[in-house]
$ cat entry.tsv   # TSV, C-alpha atoms and all ligand atoms
chain	number	residue	atom	x	y	z
A	8	MET	CA	10.72	-8.17	15.93
A	9	PRO	CA	10.51	-11.89	15.29
A	10	GLU	CA	13.66	-13.49	13.92
A	11	MET	CA	15.43	-10.20	13.45
A	12	GLU	CA	18.95	-9.53	14.61
A	13	THR	CA	20.06	-6.10	15.68
A	14	THR	CA	23.32	-5.05	14.06
A	15	ASN	CA	24.17	-1.71	12.54
A	16	LEU	CA	21.24	0.59	11.81
A	17	GLU	CA	22.87	2.46	8.91
A	18	SER	CA	24.01	-0.66	7.05
A	19	GLU	CA	20.81	-2.63	7.73
A	20	LEU	CA	18.23	-0.14	6.47
A	21	SER	CA	17.33	-0.73	2.84
A	22	LEU	CA	14.57	0.40	0.54
A	23	PHE	CA	14.27	-2.83	-1.41
A	24	LYS	CA	13.41	-5.64	0.89
A	25	TYR	CA	13.68	-8.33	-1.76
A	26	ASP	CA	16.87	-7.26	-3.47
A	27	ASP	CA	17.67	-10.82	-4.53
A	28	LEU	CA	14.79	-10.88	-7.00
A	29	GLU	CA	15.64	-11.18	-10.67
A	30	GLN	CA	16.02	-8.45	-13.29
A	31	LEU	CA	14.28	-8.48	-16.66
A	32	PRO	CA	16.31	-10.42	-19.28
A	33	GLU	CA	17.66	-8.33	-22.14
A	34	ARG	CA	15.46	-9.99	-24.77
A	35	TYR	CA	12.29	-8.69	-23.06
A	36	ARG	CA	13.36	-5.05	-22.91
A	37	ASP	CA	12.10	-3.76	-26.27
A	38	LEU	CA	8.78	-5.50	-26.85
A	39	ASN	CA	6.12	-3.35	-28.47
A	40	GLU	CA	2.56	-3.24	-27.16
A	41	SER	CA	0.90	-5.46	-29.76
A	42	GLU	CA	3.61	-8.13	-29.55
A	43	ARG	CA	3.39	-8.00	-25.78
A	44	ASN	CA	-0.41	-8.28	-25.75
A	45	GLU	CA	-0.26	-11.34	-27.98
A	46	ARG	CA	2.38	-13.01	-25.84
A	47	ILE	CA	0.63	-12.24	-22.55
A	48	THR	CA	-2.64	-13.63	-23.91
A	49	GLU	CA	-0.88	-16.74	-25.18
A	50	ALA	CA	0.83	-17.35	-21.84
A	51	THR	CA	-2.33	-16.80	-19.75
A	52	GLU	CA	-4.31	-19.09	-22.06
A	53	ALA	CA	-1.65	-21.77	-21.71
A	54	LEU	CA	-1.75	-21.43	-17.92
A	55	GLY	CA	-5.57	-21.37	-17.82
A	56	ASP	CA	-7.00	-21.72	-14.31
A	57	ASP	CA	-3.51	-22.17	-12.89
A	58	VAL	CA	-2.92	-18.42	-12.85
A	59	VAL	CA	-4.73	-15.33	-11.67
A	60	VAL	CA	-3.39	-11.84	-12.42
A	61	LEU	CA	-4.23	-9.18	-9.82
A	62	GLY	CA	-3.69	-5.49	-10.50
A	63	HIS	CA	-3.75	-2.59	-8.06
A	64	ASN	CA	-5.77	0.50	-9.00
A	65	TYR	CA	-2.49	2.44	-9.44
A	66	GLN	CA	-1.11	0.15	-12.15
A	67	ARG	CA	-0.74	1.52	-15.65
A	68	ARG	CA	-3.31	0.83	-18.37
A	69	GLU	CA	-1.18	-1.83	-20.11
A	70	ILE	CA	-1.18	-3.88	-16.89
A	71	VAL	CA	-4.76	-3.23	-15.78
A	72	GLU	CA	-6.00	-4.46	-19.18
A	73	HIS	CA	-4.48	-7.87	-18.50
A	74	ALA	CA	-5.61	-8.21	-14.88
A	75	ASP	CA	-8.35	-10.64	-13.87
A	76	PHE	CA	-9.19	-8.33	-10.99
A	77	VAL	CA	-8.34	-4.68	-10.35
A	78	GLY	CA	-8.86	-3.24	-6.87
A	79	ASP	CA	-7.50	-1.69	-3.68
A	80	SER	CA	-4.89	-3.38	-1.54
A	81	TYR	CA	-7.43	-5.01	0.77
A	82	GLN	CA	-9.67	-6.25	-2.06
A	83	LEU	CA	-6.67	-7.73	-3.84
A	84	SER	CA	-5.67	-9.68	-0.72
A	85	ARG	CA	-9.19	-11.05	-0.51
A	86	GLU	CA	-9.10	-11.98	-4.20
A	87	ALA	CA	-5.78	-13.74	-3.67
A	88	ALA	CA	-7.24	-15.66	-0.72
A	89	ASP	CA	-10.32	-16.69	-2.73
A	90	ALA	CA	-8.34	-17.68	-5.82
A	91	ASP	CA	-7.99	-21.38	-6.56
A	92	ALA	CA	-5.10	-20.71	-8.93
A	93	GLU	CA	-1.69	-22.23	-8.24
A	94	TYR	CA	-0.02	-18.94	-9.25
A	95	VAL	CA	-1.04	-15.48	-8.12
A	96	VAL	CA	0.77	-12.89	-10.25
A	97	PHE	CA	0.52	-9.71	-8.23
A	98	ALA	CA	0.86	-6.44	-10.14
A	99	GLY	CA	1.30	-4.21	-7.12
A	100	VAL	CA	4.04	-3.52	-4.59
A	101	THR	CA	6.02	-5.78	-2.30
A	102	PHE	CA	3.94	-5.41	0.86
A	103	MET	CA	0.80	-6.31	-1.09
A	104	ALA	CA	2.41	-9.43	-2.56
A	105	GLU	CA	3.56	-10.39	0.95
A	106	SER	CA	0.02	-10.02	2.28
A	107	ALA	CA	-1.21	-12.20	-0.56
A	108	ASP	CA	1.39	-14.84	0.35
A	109	ILE	CA	0.35	-14.70	4.01
A	110	ILE	CA	-3.30	-15.34	3.32
A	111	THR	CA	-3.09	-17.77	0.42
A	112	ASP	CA	-2.73	-21.52	0.93
A	113	ASP	CA	0.74	-23.03	1.24
A	114	ASP	CA	0.44	-24.68	-2.16
A	115	GLN	CA	-0.14	-21.34	-3.91
A	116	THR	CA	2.76	-19.27	-5.20
A	117	VAL	CA	2.79	-15.47	-5.31
A	118	VAL	CA	4.85	-13.79	-8.02
A	119	LEU	CA	5.75	-10.08	-8.03
A	120	PRO	CA	6.84	-9.27	-11.60
A	121	SER	CA	9.50	-6.67	-10.72
A	122	MET	CA	11.96	-6.63	-7.83
A	123	GLU	CA	11.93	-2.88	-7.51
A	124	ALA	CA	8.25	-2.40	-6.75
A	125	SER	CA	8.85	-1.43	-3.12
A	126	CYS	CA	6.60	1.16	-1.48
A	127	PRO	CA	8.89	3.81	0.07
A	128	MET	CA	6.44	4.39	2.91
A	129	ALA	CA	6.53	0.72	3.93
A	130	GLY	CA	10.33	1.09	3.98
A	131	MET	CA	10.03	3.97	6.47
A	132	ALA	CA	9.29	1.59	9.34
A	133	GLU	CA	12.19	-0.82	9.34
A	134	ALA	CA	12.36	-3.60	11.90
A	135	LEU	CA	15.44	-2.19	13.58
A	136	GLN	CA	13.92	1.24	14.05
A	137	VAL	CA	10.64	-0.15	15.35
A	138	ASP	CA	12.46	-2.40	17.80
A	139	ALA	CA	14.43	0.53	19.19
A	140	ALA	CA	11.40	2.82	19.42
A	141	TRP	CA	9.32	0.12	21.09
A	142	ASP	CA	11.94	-0.41	23.79
A	143	GLU	CA	12.14	3.31	24.51
A	144	LEU	CA	8.42	3.98	24.48
A	145	THR	CA	7.39	0.97	26.55
A	146	ALA	CA	10.11	1.75	29.12
A	147	ALA	CA	8.86	5.35	29.33
A	148	ALA	CA	5.16	4.44	29.45
A	149	ASP	CA	5.22	3.91	33.20
A	150	GLY	CA	2.95	0.88	33.32
A	151	ASP	CA	0.57	2.06	30.59
A	152	ASP	CA	-0.02	-0.40	27.78
A	153	ILE	CA	0.93	0.54	24.24
A	154	VAL	CA	-0.74	-1.38	21.41
A	155	PRO	CA	0.88	-1.23	17.95
A	156	VAL	CA	-1.31	-0.91	14.86
A	157	THR	CA	0.26	-1.07	11.43
A	158	TYR	CA	-1.20	0.06	8.14
A	159	MET	CA	-1.39	-2.59	5.43
A	160	ASN	CA	1.42	-0.59	3.74
A	161	SER	CA	4.13	-2.23	5.83
A	162	TYR	CA	6.31	-5.29	5.58
A	163	ALA	CA	5.39	-8.69	6.96
A	164	ASP	CA	7.92	-8.49	9.81
A	165	LEU	CA	6.16	-5.39	11.17
A	166	LYS	CA	2.77	-7.05	10.86
A	167	ALA	CA	4.22	-10.02	12.79
A	168	PHE	CA	5.60	-7.67	15.43
A	169	CYS	CA	2.17	-6.09	15.90
A	170	ALA	CA	0.59	-9.52	16.38
A	171	GLU	CA	3.21	-10.44	19.00
A	172	GLN	CA	2.53	-7.25	20.93
A	173	GLY	CA	-1.26	-7.68	20.91
A	174	GLY	CA	-1.85	-5.34	17.98
A	175	LEU	CA	-3.17	-5.67	14.47
A	176	VAL	CA	-3.17	-4.50	10.86
A	177	CYS	CA	-5.58	-2.03	9.29
A	178	THR	CA	-6.37	-0.58	5.88
A	179	SER	CA	-7.39	2.97	5.09
A	180	SER	CA	-11.04	1.92	5.32
A	181	ASN	CA	-10.97	0.29	8.76
A	182	ALA	CA	-8.22	2.22	10.59
A	183	HIS	CA	-10.79	3.80	12.96
A	184	ARG	CA	-12.04	0.36	13.99
A	185	ALA	CA	-8.48	-0.90	14.48
A	186	PHE	CA	-7.77	2.10	16.76
A	187	GLU	CA	-10.88	1.27	18.81
A	188	TYR	CA	-9.75	-2.37	19.07
A	189	ALA	CA	-6.35	-1.23	20.32
A	190	LEU	CA	-7.75	1.33	22.78
A	191	ASP	CA	-10.08	-1.33	24.24
A	192	ARG	CA	-6.96	-3.32	25.10
A	193	GLY	CA	-4.45	-0.61	25.99
A	194	ASP	CA	-3.90	3.05	26.81
A	195	THR	CA	-1.95	4.21	23.78
A	196	VAL	CA	-1.94	3.31	20.08
A	197	LEU	CA	1.41	3.32	18.30
A	198	PHE	CA	0.43	3.73	14.64
A	199	LEU	CA	2.89	2.97	11.83
A	200	PRO	CA	4.04	3.95	9.29
A	201	ASP	CA	1.72	6.66	7.85
A	202	LYS	CA	1.40	9.70	10.11
A	203	HIS	CA	-1.27	11.28	7.91
A	204	LEU	CA	-3.62	8.31	7.95
A	205	GLY	CA	-2.98	8.11	11.71
A	206	GLU	CA	-3.75	11.76	12.29
A	207	ASN	CA	-6.84	11.66	10.07
A	208	THR	CA	-8.09	8.62	11.98
A	209	ALA	CA	-7.43	10.25	15.37
A	210	HIS	CA	-9.53	13.24	14.29
A	211	ARG	CA	-12.28	11.00	12.99
A	212	LEU	CA	-12.46	9.47	16.49
A	213	GLY	CA	-12.43	12.89	18.18
A	214	MET	CA	-8.94	12.26	19.57
A	215	GLY	CA	-7.06	14.87	17.57
A	216	ASP	CA	-5.89	16.63	20.74
A	217	SER	CA	-4.03	13.66	22.13
A	218	VAL	CA	-1.62	12.90	19.33
A	219	ALA	CA	2.20	12.84	19.46
A	220	GLU	CA	4.78	12.03	16.78
A	221	TRP	CA	7.82	9.76	16.93
A	222	ASP	CA	10.69	10.54	14.61
A	223	PRO	CA	12.52	7.26	13.94
A	224	TRP	CA	15.36	9.09	12.16
A	225	ASP	CA	16.29	11.15	15.20
A	226	PRO	CA	15.12	9.17	18.24
A	227	GLU	CA	17.63	10.89	20.56
A	228	ALA	CA	15.77	14.14	20.03
A	229	GLU	CA	12.51	12.60	21.28
A	230	ASP	CA	11.20	12.86	24.85
A	231	ALA	CA	9.90	9.29	25.10
A	232	ALA	CA	8.00	9.90	28.37
A	233	ALA	CA	6.11	12.87	26.90
A	234	VAL	CA	5.36	10.99	23.66
A	235	ALA	CA	4.08	7.92	25.52
A	236	GLU	CA	1.57	10.07	27.40
A	237	ALA	CA	-0.42	10.69	24.21
A	238	ASP	CA	-3.37	8.44	23.31
A	239	ILE	CA	-2.12	8.13	19.74
A	240	VAL	CA	1.56	8.04	18.79
A	241	LEU	CA	2.25	8.53	15.09
A	242	TRP	CA	5.31	7.11	13.39
A	243	ASP	CA	6.84	9.78	11.16
A	244	GLY	CA	6.28	8.05	7.81
A	245	TYR	CA	4.40	9.35	4.80
A	246	CYS	CA	3.66	8.79	1.11
A	247	GLN	CA	5.35	11.27	-1.23
A	248	VAL	CA	2.57	10.89	-3.80
A	249	HIS	CA	-0.13	11.98	-1.33
A	250	GLU	CA	1.91	14.52	0.65
A	251	ARG	CA	2.08	16.58	-2.51
A	252	PHE	CA	-1.57	17.65	-2.22
A	253	GLU	CA	-2.18	20.91	-0.40
A	254	GLU	CA	-5.23	22.72	0.88
A	255	GLY	CA	-4.58	25.41	-1.77
A	256	HIS	CA	-5.19	22.80	-4.49
A	257	VAL	CA	-8.69	22.20	-3.12
A	258	ARG	CA	-9.37	25.95	-3.07
A	259	ALA	CA	-8.05	26.35	-6.61
A	260	ILE	CA	-10.31	23.57	-7.91
A	261	ARG	CA	-13.35	25.13	-6.23
A	262	ASP	CA	-12.45	28.49	-7.80
A	263	ALA	CA	-12.01	26.92	-11.24
A	264	TYR	CA	-15.25	24.89	-11.24
A	265	ASP	CA	-18.46	26.12	-9.54
A	266	ASP	CA	-19.79	22.63	-8.95
A	267	ALA	CA	-16.53	20.75	-8.27
A	268	ARG	CA	-16.36	18.16	-5.57
A	269	VAL	CA	-13.18	16.67	-4.21
A	270	VAL	CA	-12.38	13.11	-3.17
A	271	VAL	CA	-9.00	12.27	-1.62
A	272	HIS	CA	-7.13	9.33	-0.19
A	273	PRO	CA	-6.62	9.39	3.62
A	274	GLU	CA	-2.84	9.33	3.12
A	275	CYS	CA	-3.24	13.05	2.28
A	276	ARG	CA	-2.41	15.72	4.87
A	277	ARG	CA	-5.01	16.54	7.52
A	278	GLU	CA	-5.93	19.95	6.07
A	279	VAL	CA	-6.51	18.45	2.60
A	280	VAL	CA	-8.77	15.75	4.02
A	281	GLU	CA	-10.70	18.38	6.00
A	282	ALA	CA	-11.20	20.53	2.92
A	283	ALA	CA	-12.36	17.60	0.72
A	284	ASP	CA	-15.94	16.39	0.26
A	285	ARG	CA	-15.09	12.74	0.54
A	286	VAL	CA	-12.17	10.65	1.75
A	287	GLY	CA	-11.47	6.98	1.27
A	288	SER	CA	-9.44	4.13	-0.15
A	289	THR	CA	-8.78	3.73	-3.85
A	290	SER	CA	-11.95	1.64	-4.14
A	291	THR	CA	-13.98	4.40	-2.44
A	292	ILE	CA	-12.55	6.87	-4.95
A	293	ARG	CA	-13.59	4.54	-7.78
A	294	GLU	CA	-17.09	4.14	-6.34
A	295	THR	CA	-17.45	7.91	-5.94
A	296	VAL	CA	-16.84	8.51	-9.62
A	297	ALA	CA	-18.87	5.45	-10.70
A	298	GLU	CA	-21.86	6.81	-8.76
A	299	ALA	CA	-21.49	10.41	-10.00
A	300	ALA	CA	-24.19	11.83	-12.25
A	301	PRO	CA	-23.21	12.70	-15.85
A	302	GLY	CA	-21.69	16.17	-16.05
A	303	GLU	CA	-20.56	16.29	-12.41
A	304	THR	CA	-17.00	17.43	-11.75
A	305	TRP	CA	-14.86	15.40	-9.37
A	306	ALA	CA	-11.28	16.33	-8.50
A	307	ILE	CA	-9.20	13.33	-7.48
A	308	GLY	CA	-6.50	13.51	-4.82
A	309	THR	CA	-4.53	10.33	-5.37
A	310	GLU	CA	-2.02	8.63	-7.68
A	311	ILE	CA	-2.33	9.83	-11.28
A	312	HIS	CA	-2.82	6.45	-12.98
A	313	LEU	CA	-6.06	5.90	-11.08
A	314	THR	CA	-7.26	9.38	-12.08
A	315	ASN	CA	-6.47	8.55	-15.71
A	316	HIS	CA	-8.31	5.21	-15.48
A	317	LEU	CA	-11.35	7.01	-14.06
A	318	ARG	CA	-11.33	9.42	-16.99
A	319	ARG	CA	-11.33	6.49	-19.43
A	320	TRP	CA	-13.84	4.38	-17.50
A	321	HIS	CA	-16.30	7.26	-16.88
A	322	PRO	CA	-16.13	9.73	-19.79
A	323	GLU	CA	-19.56	11.09	-18.77
A	324	VAL	CA	-18.05	12.51	-15.54
A	325	ASN	CA	-15.64	15.45	-15.56
A	326	VAL	CA	-12.70	13.84	-13.72
A	327	VAL	CA	-9.79	16.21	-12.98
A	328	PRO	CA	-6.53	15.67	-11.10
A	329	LEU	CA	-6.56	17.68	-7.85
A	330	CYS	CA	-3.19	19.32	-8.47
A	331	GLY	CA	-3.14	19.26	-12.27
A	332	ASP	CA	0.19	18.39	-13.86
A	333	ALA	CA	1.85	18.27	-10.45
A	334	CYS	CA	-0.03	15.04	-9.56
A	335	MET	CA	2.45	12.19	-9.32
A	336	ASP	CA	2.55	8.59	-10.30
A	337	CYS	CA	3.83	6.07	-7.78
A	338	ASN	CA	7.42	5.23	-8.53
A	339	ALA	CA	7.05	1.82	-6.87
A	340	MET	CA	3.93	0.82	-8.80
A	341	ARG	CA	5.59	2.01	-12.01
A	342	GLN	CA	8.27	-0.67	-11.64
A	343	ILE	CA	5.73	-3.25	-12.82
A	344	ASP	CA	6.62	-2.76	-16.43
A	345	PRO	CA	4.39	-4.73	-18.84
A	346	ASN	CA	7.53	-6.41	-20.22
A	347	TYR	CA	8.10	-7.87	-16.74
A	348	LEU	CA	4.55	-9.18	-16.76
A	349	THR	CA	5.16	-10.83	-20.13
A	350	TRP	CA	8.36	-12.41	-18.84
A	351	VAL	CA	7.01	-13.88	-15.59
A	352	LEU	CA	3.91	-15.25	-17.33
A	353	GLU	CA	5.91	-16.87	-20.14
A	354	GLU	CA	8.30	-18.34	-17.59
A	355	LEU	CA	5.40	-19.79	-15.57
A	356	ALA	CA	3.92	-21.24	-18.77
A	357	ALA	CA	7.32	-22.88	-19.37
A	358	GLY	CA	7.30	-24.32	-15.84
A	359	ARG	CA	9.74	-21.83	-14.27
A	360	GLU	CA	8.91	-19.62	-11.28
A	361	ARG	CA	10.47	-16.14	-11.23
A	362	ASN	CA	10.39	-13.46	-8.52
A	363	VAL	CA	8.46	-15.48	-5.99
A	364	ILE	CA	7.50	-13.69	-2.78
A	365	GLU	CA	7.73	-16.04	0.15
A	366	VAL	CA	7.36	-14.75	3.69
A	367	PRO	CA	9.40	-16.81	6.22
A	368	PRO	CA	7.15	-19.30	8.10
A	369	ARG	CA	7.22	-17.74	11.59
A	370	GLU	CA	6.63	-14.24	10.23
A	371	LYS	CA	3.88	-15.60	8.04
A	372	GLU	CA	2.07	-17.21	10.93
A	373	LEU	CA	2.24	-14.12	13.16
A	374	ALA	CA	1.44	-11.65	10.38
A	375	GLY	CA	-1.54	-13.87	9.57
A	376	VAL	CA	-2.76	-13.36	13.15
A	377	ALA	CA	-2.51	-9.57	12.76
A	378	LEU	CA	-4.49	-9.77	9.51
A	379	GLU	CA	-7.12	-12.04	11.08
A	380	ARG	CA	-7.58	-9.54	13.91
A	381	MET	CA	-8.18	-6.91	11.28
A	382	LEU	CA	-10.94	-9.01	9.76
A	383	GLU	CA	-12.58	-9.25	13.19
A	384	VAL	CA	-12.87	-5.50	13.79
B	401	LIG	P1	-5.54	1.40	-1.11
B	401	LIG	O1	-5.47	0.40	-0.01
B	401	LIG	O2	-6.59	2.43	-0.87
B	401	LIG	O3	-5.65	0.72	-2.42
B	401	LIG	O4	-4.20	2.24	-1.10
B	401	LIG	C1	-2.96	1.64	-1.22
B	401	LIG	C2	-1.93	2.65	-1.38
B	401	LIG	O5	-0.78	2.31	-1.53
B	401	LIG	C3	-2.28	4.05	-1.34
B	401	LIG	O6	-1.16	4.82	-1.56
B	402	LIG	FE1	3.39	3.47	-1.30
B	402	LIG	FE2	2.48	5.92	-1.80
B	402	LIG	FE3	2.96	4.23	-3.79
B	402	LIG	FE4	0.90	3.84	-2.16
B	402	LIG	S1	1.20	5.54	-3.58
B	402	LIG	S2	2.33	2.28	-2.86
B	402	LIG	S3	1.79	4.52	-0.20
B	402	LIG	S4	4.46	5.10	-2.36

$ encode --input "entry.tsv" --output "structure tokens"
Amino acid sequence: MPEMETTNLESELSLFKYDDLEQLPERYRDLNESERNERITEATEALGDDVVVLGHNYQRREIVEHADFVGDSYQLSREAADADAEYVVFAGVTFMAESADIITDDDQTVVLPSMEASCPMAGMAEALQVDAAWDELTAAADGDDIVPVTYMNSYADLKAFCAEQGGLVCTSSNAHRAFEYALDRGDTVLFLPDKHLGENTAHRLGMGDSVAEWDPWDPEAEDAAAVAEADIVLWDGYCQVHERFEEGHVRAIRDAYDDARVVVHPECRREVVEAADRVGSTSTIRETVAEAAPGETWAIGTEIHLTNHLRRWHPEVNVVPLCGDACMDCNAMRQIDPNYLTWVLEELAAGRERNVIEVPPREKELAGVALERMLEV
């Protein structure tokens, strides 16, 4: 990995990449909603065109209502790139704010309101583990070329690593094209960190029979030569929110509603995706419900805040959560408390920058290459 030093695996692995970011001051902890709304509006009016607030589809209502744009992780990066504002306040998770920093101009500043908004799946492919796996797999590949492809849900150092090794980044909507790009240039794709998106993509390309898994937590147990023979090697990472959905939930929904259709995110398990009627990114899920006829029933297999937004935004459609009360919210997205949003905006209005996400220059340059390659596919 660029600019990474190998020391001790146990002590180096950490869930929160930016653990030096600041905590919410005491005086912001008990604001009520109407006070908060007033203060957020006042701060954004004072900042005017100098600020843009971006909100991911999984953010809670109190955040989404203050966002200038609400979308999926790829759309939000594009919005950040197109924004003229000096400050991009990113209500999402760390890897998204990093991507925004990578593709915005150097004179733009990206702020992530809370330090603890770190996607656990992105944390499942740490630089040290990837380094070690890469060495083993490339040594075992016997002259075959391995091309790494990382999902957008990964940290900037992994994106930079992929660029250095001839690979690229993908989102849930263009993973199949990224795989094709990689297979045009090599023999094997190493896909990180989401094994389910990787497996779903392999099946979409008719390559489901040539898939192997790499367990980064127990690399000694792996037969690197056998793994490297596969066309697609999947890193053993996953999203807890999406792993929760099971094929039985799809069956239960179809039993409960005669006309129900099911749309799921591709981070869901293979059998859930196979059983669903539609699969796609959070923006595809939004479009599906927006295009539904009044009275149709759609069961949603993704994070619960988005399902709740869809119920509010489209009351004419019967929107139901795919696994009922068992559907989860994303613990990382939840860290963007509206009080944090109030704080960072008021601080910016007072001329102080808080919780700035700044990717180191070399990583930024290389990760930018991996993102540009994605835009080409
Ligand atoms: P989208 O890119 O579809 O918005 O998904 C991001 C994500 O984190 C899904 O869990
Ligand atoms: Fe990460 Fe899953 Fe949350 Fe998406 S829903 S940000 S993949 S933990």

$ residues_near_ligand --input "entry.tsv" --ligand "ligand LIG 402 (chain B)" --cutoff "8 Å" --atoms "all atoms listed in the file" --output "ChimeraX atom specification"
/A:65,99-100,125-129,160,245-249,274,309-310,336-340

$ residues_around --input "entry.tsv" --residues "Val384 of chain A" --least-positions-apart "4" --cutoff "7 Å" --atoms "only C-alpha atoms" --output "ChimeraX atom specification"
/A:184-185,188,380

$ residues_around --input "entry.tsv" --residues "Ala357 of chain A" --least-positions-apart "6" --cutoff "10 Å" --atoms "only C-alpha atoms" --output "list in words"
Ala50, Ala53, Leu54 and Val351 of chain A

$ residues_near_ligand --input "entry.tsv" --ligand "ligand LIG 401 (chain B)" --cutoff "6 Å" --atoms "all atoms listed in the file" --output "PyMOL selection string"
chain A and resi 79-81+288-289

$ axis_aligned_box --input "entry.tsv" --around "segment 110-116 of chain A" --padding-each-side "6 Å" --output "JSON"
{"center_x": -0.3, "center_y": -20.0, "center_z": -0.9, "size_x": 18.1, "size_y": 21.3, "size_z": 20.5}

$ closest_residue --input "entry.tsv" --among "A:His312, A:His321, A:His183, A:Arg369" --to "Val71 of chain A" --atoms "all atoms listed in the file"
A:His312

$ build_atoms --input "entry.tsv" --residues "segment 229-242 of chain A" --atoms "N, CA, C and O atoms" --output "PDB file, in the frame of the given file"
ATOM      1  N   GLU A 229      13.869  12.788  20.774  1.00  0.00           N
ATOM      2  CA  GLU A 229      12.510  12.600  21.280  1.00  0.00           C
ATOM      3  C   GLU A 229      12.489  12.484  22.809  1.00  0.00           C
ATOM      4  O   GLU A 229      13.386  11.902  23.409  1.00  0.00           O
ATOM      5  N   ASP A 230      11.426  13.039  23.421  1.00  0.00           N
ATOM      6  CA  ASP A 230      11.200  12.860  24.850  1.00  0.00           C
ATOM      7  C   ASP A 230      10.203  11.709  24.983  1.00  0.00           C
ATOM      8  O   ASP A 230       8.983  11.903  24.885  1.00  0.00           O
ATOM      9  N   ALA A 231      10.741  10.486  25.151  1.00  0.00           N
ATOM     10  CA  ALA A 231       9.900   9.290  25.100  1.00  0.00           C
ATOM     11  C   ALA A 231       8.765   9.342  26.131  1.00  0.00           C
ATOM     12  O   ALA A 231       7.634   8.934  25.842  1.00  0.00           O
ATOM     13  N   ALA A 232       9.038   9.860  27.317  1.00  0.00           N
ATOM     14  CA  ALA A 232       8.000   9.900  28.370  1.00  0.00           C
ATOM     15  C   ALA A 232       6.843  10.796  27.928  1.00  0.00           C
ATOM     16  O   ALA A 232       5.667  10.442  28.103  1.00  0.00           O
ATOM     17  N   ALA A 233       7.170  11.944  27.338  1.00  0.00           N
ATOM     18  CA  ALA A 233       6.110  12.870  26.900  1.00  0.00           C
ATOM     19  C   ALA A 233       5.321  12.251  25.740  1.00  0.00           C
ATOM     20  O   ALA A 233       4.087  12.329  25.699  1.00  0.00           O
ATOM     21  N   VAL A 234       6.034  11.603  24.809  1.00  0.00           N
ATOM     22  CA  VAL A 234       5.360  10.990  23.660  1.00  0.00           C
ATOM     23  C   VAL A 234       4.422   9.885  24.123  1.00  0.00           C
ATOM     24  O   VAL A 234       3.269   9.787  23.680  1.00  0.00           O
ATOM     25  N   ALA A 235       4.893   9.067  25.063  1.00  0.00           N
ATOM     26  CA  ALA A 235       4.080   7.920  25.520  1.00  0.00           C
ATOM     27  C   ALA A 235       2.840   8.345  26.296  1.00  0.00           C
ATOM     28  O   ALA A 235       1.942   7.538  26.524  1.00  0.00           O
ATOM     29  N   GLU A 236       2.769   9.587  26.690  1.00  0.00           N
ATOM     30  CA  GLU A 236       1.570  10.070  27.400  1.00  0.00           C
ATOM     31  C   GLU A 236       0.381  10.278  26.463  1.00  0.00           C
ATOM     32  O   GLU A 236      -0.774  10.314  26.890  1.00  0.00           O
ATOM     33  N   ALA A 237       0.668  10.441  25.173  1.00  0.00           N
ATOM     34  CA  ALA A 237      -0.420  10.690  24.210  1.00  0.00           C
ATOM     35  C   ALA A 237      -1.263   9.424  24.033  1.00  0.00           C
ATOM     36  O   ALA A 237      -0.801   8.308  24.264  1.00  0.00           O
ATOM     37  N   ASP A 238      -2.516   9.611  23.597  1.00  0.00           N
ATOM     38  CA  ASP A 238      -3.370   8.440  23.310  1.00  0.00           C
ATOM     39  C   ASP A 238      -2.950   7.795  21.987  1.00  0.00           C
ATOM     40  O   ASP A 238      -3.056   6.589  21.820  1.00  0.00           O
ATOM     41  N   ILE A 239      -2.506   8.639  21.060  1.00  0.00           N
ATOM     42  CA  ILE A 239      -2.120   8.130  19.740  1.00  0.00           C
ATOM     43  C   ILE A 239      -0.705   8.621  19.431  1.00  0.00           C
ATOM     44  O   ILE A 239      -0.449   9.829  19.418  1.00  0.00           O
ATOM     45  N   VAL A 240       0.204   7.672  19.189  1.00  0.00           N
ATOM     46  CA  VAL A 240       1.560   8.040  18.790  1.00  0.00           C
ATOM     47  C   VAL A 240       1.737   7.699  17.311  1.00  0.00           C
ATOM     48  O   VAL A 240       1.491   6.564  16.893  1.00  0.00           O
ATOM     49  N   LEU A 241       2.128   8.703  16.541  1.00  0.00           N
ATOM     50  CA  LEU A 241       2.250   8.530  15.090  1.00  0.00           C
ATOM     51  C   LEU A 241       3.706   8.373  14.690  1.00  0.00           C
ATOM     52  O   LEU A 241       4.546   9.211  15.041  1.00  0.00           O
ATOM     53  N   TRP A 242       3.983   7.323  13.984  1.00  0.00           N
ATOM     54  CA  TRP A 242       5.310   7.110  13.390  1.00  0.00           C
ATOM     55  C   TRP A 242       5.474   8.127  12.260  1.00  0.00           C
ATOM     56  O   TRP A 242       4.531   8.367  11.498  1.00  0.00           O
TER      57      TRP A 242
END
